[in-house]
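Asks: Encoded as structure tokens, here's the structure I'll be asking about.
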Amino acid sequence: MVEFASQIINGLAVGNIYALLALGFSLVFGVANLINFAQGSLFMLGAYFAWTGAVALGLPLAVAVALAVALTAAVGILIDWAALRPVQQGPLIAPLLTTLAVSVIVDHGAELIWTPDSKGFPNPLSGSVWLVGGAYISAVDALVFGVGVIAMIALTLFLEHTWMGRAIRATAQDFEVAMQMGVDVELMRRVTFGLAGGLGGLAGVLVGMYYQNIFPAMGLSYGLKGFTAALLGGITSLPGAIAGGMLLGVFESLTSGYIG
């Protein structure tokens with residue numbers, strides 16, 4: 001029973017990471033009607049940006065994480081402006097193929113900058129484990145779960161209780177009507193890509209802290225898992241994306257724990 005509860009807790013922690021990635025997919029699909037397969041690369045960049053700030057530059061980890069999230073948000077906006085906008089009026093498959101091309105370019109660019117070798121990610125909480133209610137909970141599990149939940153709550157409050165959040169939802173619901181109502185739909189698109197990039201970067205940082213190891217090819221597998229979680233919950237549903245991520249994380253944890 002202790003092992004089962006521990007596996008559930010681990011699954012919920014990892015599920016938060018999948019949920020953050022899934023939210024990025026759902027946001028972009030809702031506003032731009034596009035599957036952004038570069039989301040996994042943004043996830044990887046977030047981890048490497050944080051590693052560079054904390055290890056290479058010696059910044060406090062919290063500062064490095066904040067900068068990493070901001071930088072990945074900026075890269076998300078840059079991808080939309082430089083790679084997707086030029087093909088917006090082309091065939092429907094063109095933006096999809098463009099995101100795949102961007103993903104390949106970013107992944108190989110990361111190998112050139114940081115080398116293909118894996119790097120140890122700093123985590124001051126490693127080794128702290130508590131026995132709570134018959135289950136083992138590590139400080140890393142608690143941190144990943146807590147940060148993920150706070151990020152999801154903050155995103156929900158932003159979308160539901162701010163003017164810009166409502167404008168993003170209006171753009172996702174009906175692009176033309178939102179434009180006629182005075183919404184700057186292009187700005188909402190840029191904000192959405194920035195939000196998706198920031199969520200992906202935060203997920204990458206959390207994975208780096210959870211496993212204390214990052215490598216340039218990590219974005220592919222996690223990007224696919226985030227996309228799977230978004231599909232599980234319904235690609236246009238943000239609550240569904242969260243539920244899909246949690247479900248996938250728990251299922252994966254139980255499968256690896258009991259089957260291998």
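Ligands are numbered from 1 in the order shown, residues from 1 within each chain, and chains are lettered A, B, ... in the order they appear in the structure tokens.
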Mind dumping a table of every region 58-79 of chain A residue within 12 Å of region 208-221 of chain A, with the nearest atom pair and its distance in Å to one decimal, using only C-alpha atoms, sorted by chain and rising number, as a Markdown table?
Replies:
| residue | atom | partner | partner_atom | distance |
| --- | --- | --- | --- | --- |
| A:Leu61 | CA | A:Met209 | CA | 10.5 |
| A:Ala62 | CA | A:Met209 | CA | 11.9 |
| A:Val65 | CA | A:Met209 | CA | 10.6 |
Asks: Would you export the selected residues with N, CA and C atoms as a PDB file, in the first residue's frame, please?
Replies:
ATOM      1  N   LEU A  61      19.144  30.108  -8.121  1.00  0.00           N
ATOM      2  CA  LEU A  61      18.306  29.223  -8.911  1.00  0.00           C
ATOM      3  C   LEU A  61      16.956  29.853  -9.227  1.00  0.00           C
ATOM      4  N   ALA A  62      16.344  30.529  -8.261  1.00  0.00           N
ATOM      5  CA  ALA A  62      15.039  31.155  -8.493  1.00  0.00           C
ATOM      6  C   ALA A  62      15.121  32.206  -9.594  1.00  0.00           C
ATOM      7  N   VAL A  65      15.526  30.471 -12.963  1.00  0.00           N
ATOM      8  CA  VAL A  65      14.255  29.892 -13.418  1.00  0.00           C
ATOM      9  C   VAL A  65      13.350  30.975 -13.990  1.00  0.00           C
TER      10      VAL A  65
END
Asks: Show which residues sit within 10 Å of Phe37 (chain A), as a list of chain:residue names. Count only C-alpha atoms, and ignore same-chain residues fewer than 2 positions away.
Replies: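 Near neighbours after the sequence-gap exclusion: A:Phe25, A:Leu34, A:Ile35, A:Gln39, A:Gly40, A:Ser41, A:Leu42, A:Pro95, A:Leu96, A:Leu97, A:Thr98, A:Thr99, A:Leu100, A:Ala101, A:Val102, A:Ser103, A:Val104, A:Gly219, A:Leu220, A:Gly223, A:Leu224, A:Phe227.
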Asks: Would you mind exporting the chosen residues as a PDB file, in the first residue's frame, restricted to C-alpha atoms?
Replies:
ATOM      1  CA  PHE A  25      -0.641  22.814 -27.032  1.00  0.00           C
ATOM      2  CA  LEU A  34      -2.333  24.912 -35.091  1.00  0.00           C
ATOM      3  CA  ILE A  35      -0.513  22.005 -33.477  1.00  0.00           C
ATOM      4  CA  GLN A  39       6.556  23.031 -27.901  1.00  0.00           C
ATOM      5  CA  GLY A  40       8.890  20.190 -26.938  1.00  0.00           C
ATOM      6  CA  SER A  41      11.896  22.226 -28.069  1.00  0.00           C
ATOM      7  CA  LEU A  42      10.753  25.173 -25.944  1.00  0.00           C
ATOM      8  CA  PRO A  95       2.433  25.904 -40.462  1.00  0.00           C
ATOM      9  CA  LEU A  96       2.428  22.348 -39.101  1.00  0.00           C
ATOM     10  CA  LEU A  97       5.489  21.403 -41.151  1.00  0.00           C
ATOM     11  CA  THR A  98       7.110  24.691 -40.145  1.00  0.00           C
ATOM     12  CA  THR A  99       6.813  23.876 -36.455  1.00  0.00           C
ATOM     13  CA  LEU A 100       8.426  20.489 -37.114  1.00  0.00           C
ATOM     14  CA  ALA A 101      11.281  22.210 -38.966  1.00  0.00           C
ATOM     15  CA  VAL A 102      11.706  24.740 -36.152  1.00  0.00           C
ATOM     16  CA  SER A 103      11.859  21.888 -33.648  1.00  0.00           C
ATOM     17  CA  VAL A 104      14.660  20.172 -35.559  1.00  0.00           C
ATOM     18  CA  GLY A 219      12.134  17.770 -25.905  1.00  0.00           C
ATOM     19  CA  LEU A 220      10.953  15.134 -28.374  1.00  0.00           C
ATOM     20  CA  GLY A 223       6.624  17.036 -26.342  1.00  0.00           C
ATOM     21  CA  LEU A 224       4.876  13.901 -27.568  1.00  0.00           C
ATOM     22  CA  PHE A 227       0.538  16.341 -27.007  1.00  0.00           C
TER      23      PHE A 227
END
Asks: Run DSSP on the backbone of this structure and report the residues of region 85-144 of chain A it assigns to strand (DSSP E or B), as an mmCIF file with N, CA and C atoms, in the first residue's frame.
Replies:
data_model
loop_
_atom_site.group_PDB
_atom_site.id
_atom_site.type_symbol
_atom_site.label_atom_id
_atom_site.label_comp_id
_atom_site.auth_asym_id
_atom_site.auth_seq_id
_atom_site.Cartn_x
_atom_site.Cartn_y
_atom_site.Cartn_z
ATOM 1 N N LYS A 119 23.705 17.030 -18.911
ATOM 2 C CA LYS A 119 24.274 17.897 -17.881
ATOM 3 C C LYS A 119 23.467 17.740 -16.594
ATOM 4 N N GLY A 120 24.170 17.785 -15.485
ATOM 5 C CA GLY A 120 23.504 17.702 -14.194
ATOM 6 C C GLY A 120 22.809 19.006 -13.855
ATOM 7 N N VAL A 129 13.188 13.516 1.956
ATOM 8 C CA VAL A 129 12.023 12.638 1.792
ATOM 9 C C VAL A 129 11.295 12.540 3.124
ATOM 10 N N TRP A 130 9.949 12.567 3.073
ATOM 11 C CA TRP A 130 9.150 12.449 4.279
ATOM 12 C C TRP A 130 8.154 11.294 4.111
ATOM 13 N N LEU A 131 7.837 10.670 5.232
ATOM 14 C CA LEU A 131 6.790 9.652 5.257
ATOM 15 C C LEU A 131 5.527 10.301 5.798
ATOM 16 N N VAL A 132 4.537 10.475 4.918
ATOM 17 C CA VAL A 132 3.304 11.171 5.280
ATOM 18 C C VAL A 132 2.123 10.267 4.976
ATOM 19 N N ALA A 135 2.839 7.119 2.921
ATOM 20 C CA ALA A 135 3.426 7.280 1.588
ATOM 21 C C ALA A 135 4.677 8.122 1.689
ATOM 22 N N TYR A 136 5.666 7.789 0.859
ATOM 23 C CA TYR A 136 6.899 8.559 0.814
ATOM 24 C C TYR A 136 6.727 9.736 -0.147
ATOM 25 N N ILE A 137 6.991 10.943 0.371
ATOM 26 C CA ILE A 137 6.889 12.159 -0.433
ATOM 27 C C ILE A 137 8.235 12.871 -0.366
ATOM 28 N N SER A 138 8.822 13.097 -1.529
ATOM 29 C CA SER A 138 10.086 13.823 -1.569
ATOM 30 C C SER A 138 9.812 15.317 -1.691
#
Asks: Point out the residue among A:Pro91, A:Gly30, A:Pro60, A:Gly24 with the least atom-to-atom distance to Ala196 (chain A), counting only C-alpha atoms.
Replies: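 Closest residue, counting only C-alpha atoms: A:Gly24.
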Asks: Which residues come within 10 Å of Ala142 (chain A), counting only C-alpha atoms, excluding same-chain residues fewer than 4 positions away, as an mmCIF file with all heavy atoms, in the first residue's frame?
Replies:
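Below is the file out.cif, written as the result:
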data_model
loop_
_atom_site.group_PDB
_atom_site.id
_atom_site.type_symbol
_atom_site.label_atom_id
_atom_site.label_comp_id
_atom_site.auth_asym_id
_atom_site.auth_seq_id
_atom_site.Cartn_x
_atom_site.Cartn_y
_atom_site.Cartn_z
ATOM 1 N N ILE A 9 1.658 9.444 -5.953
ATOM 2 C CA ILE A 9 2.213 10.777 -5.712
ATOM 3 C C ILE A 9 3.239 11.139 -6.778
ATOM 4 O O ILE A 9 3.242 12.254 -7.319
ATOM 5 C CB ILE A 9 2.840 10.834 -4.307
ATOM 6 C CG1 ILE A 9 1.738 10.755 -3.249
ATOM 7 C CG2 ILE A 9 3.651 12.114 -4.124
ATOM 8 C CD1 ILE A 9 2.254 10.581 -1.843
ATOM 9 N N ASN A 10 4.116 10.203 -7.125
ATOM 10 C CA ASN A 10 5.078 10.456 -8.193
ATOM 11 C C ASN A 10 4.374 10.740 -9.518
ATOM 12 O O ASN A 10 4.780 11.618 -10.284
ATOM 13 C CB ASN A 10 6.013 9.253 -8.354
ATOM 14 C CG ASN A 10 6.931 9.068 -7.164
ATOM 15 O OD1 ASN A 10 7.211 10.020 -6.433
ATOM 16 N ND2 ASN A 10 7.401 7.857 -6.955
ATOM 17 N N LEU A 12 1.379 11.998 -9.970
ATOM 18 C CA LEU A 12 0.754 13.317 -9.949
ATOM 19 C C LEU A 12 1.786 14.421 -10.163
ATOM 20 O O LEU A 12 1.505 15.435 -10.816
ATOM 21 C CB LEU A 12 0.018 13.532 -8.632
ATOM 22 C CG LEU A 12 -1.251 12.703 -8.425
ATOM 23 C CD1 LEU A 12 -1.804 12.913 -7.022
ATOM 24 C CD2 LEU A 12 -2.304 13.056 -9.477
ATOM 25 N N ALA A 13 2.988 14.226 -9.607
ATOM 26 C CA ALA A 13 4.050 15.221 -9.794
ATOM 27 C C ALA A 13 4.450 15.305 -11.264
ATOM 28 O O ALA A 13 4.520 16.390 -11.853
ATOM 29 C CB ALA A 13 5.256 14.873 -8.921
ATOM 30 N N VAL A 129 13.188 13.516 1.956
ATOM 31 C CA VAL A 129 12.023 12.638 1.792
ATOM 32 C C VAL A 129 11.295 12.540 3.124
ATOM 33 O O VAL A 129 11.923 12.433 4.176
ATOM 34 C CB VAL A 129 12.449 11.231 1.322
ATOM 35 C CG1 VAL A 129 11.231 10.336 1.142
ATOM 36 C CG2 VAL A 129 13.241 11.306 0.023
ATOM 37 N N ILE A 137 6.991 10.943 0.371
ATOM 38 C CA ILE A 137 6.889 12.159 -0.433
ATOM 39 C C ILE A 137 8.235 12.871 -0.366
ATOM 40 O O ILE A 137 8.708 13.199 0.724
ATOM 41 C CB ILE A 137 5.780 13.089 0.089
ATOM 42 C CG1 ILE A 137 4.434 12.369 0.081
ATOM 43 C CG2 ILE A 137 5.691 14.354 -0.762
ATOM 44 C CD1 ILE A 137 3.308 13.199 0.671
ATOM 45 N N SER A 138 8.822 13.097 -1.529
ATOM 46 C CA SER A 138 10.086 13.823 -1.569
ATOM 47 C C SER A 138 9.812 15.317 -1.691
ATOM 48 O O SER A 138 8.736 15.737 -2.150
ATOM 49 C CB SER A 138 10.950 13.345 -2.735
ATOM 50 O OG SER A 138 10.396 13.759 -3.967
ATOM 51 N N GLY A 146 3.520 21.538 -6.410
ATOM 52 C CA GLY A 146 3.089 22.866 -5.978
ATOM 53 C C GLY A 146 3.263 23.920 -7.054
ATOM 54 O O GLY A 146 2.348 24.718 -7.309
ATOM 55 N N VAL A 147 4.435 23.938 -7.705
ATOM 56 C CA VAL A 147 4.677 24.929 -8.758
ATOM 57 C C VAL A 147 3.723 24.711 -9.920
ATOM 58 O O VAL A 147 3.177 25.666 -10.490
ATOM 59 C CB VAL A 147 6.142 24.858 -9.223
ATOM 60 C CG1 VAL A 147 6.359 25.729 -10.460
ATOM 61 C CG2 VAL A 147 7.079 25.300 -8.109
ATOM 62 N N GLY A 148 3.506 23.444 -10.285
ATOM 63 C CA GLY A 148 2.589 23.157 -11.383
ATOM 64 C C GLY A 148 1.179 23.622 -11.088
ATOM 65 O O GLY A 148 0.519 24.246 -11.931
#
Asks: When DSSP is applied to the backbone of this structure, which of region 46-252 of chain A are assigned helix (DSSP H, G or I)? Write them out as an NGL selection string.
Replies: :A and (46-56 or 61-87 or 93-114 or 139-161 or 163-173 or 175-180 or 185-211 or 218-233 or 238-252)
Asks: For each of A:Phe29, A:Tyr18, A:Phe4, A:Phe43, take the minimum atom-to-atom distance to Leu248 (chain A), counting only C-alpha atoms, then give the residue where this is smallest.
Replies: A:Tyr18
Asks: Contacts of Leu27 (chain A) at 10 Å or less, counting only C-alpha atoms, minus same-chain residues fewer than 4 places along, as a PyMOL selection string?
Replies: chain A and resi 22-23+31-36+168-169+172+189+192-193+195-196+235-238+241
Asks: For Gly109 (chain A), which residue among A:Leu45, A:Val63, A:Ala94, A:Leu57 is the nearest when counting only C-alpha atoms?
Replies: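 Checking each candidate against Gly109 (chain A), we get A:Leu45 as the closest.
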Asks: With distances taken over only C-alpha atoms, which of A:Leu187, A:Ile17, A:Ala5, A:Ala68 is nearest to Gly249 (chain A)?
Replies: A:Ile17
Asks: Could you check how far CA of Ile259 (chain A) sits from CA of Val205 (chain A), in Å to one decimal?
Replies: 28.2 Å
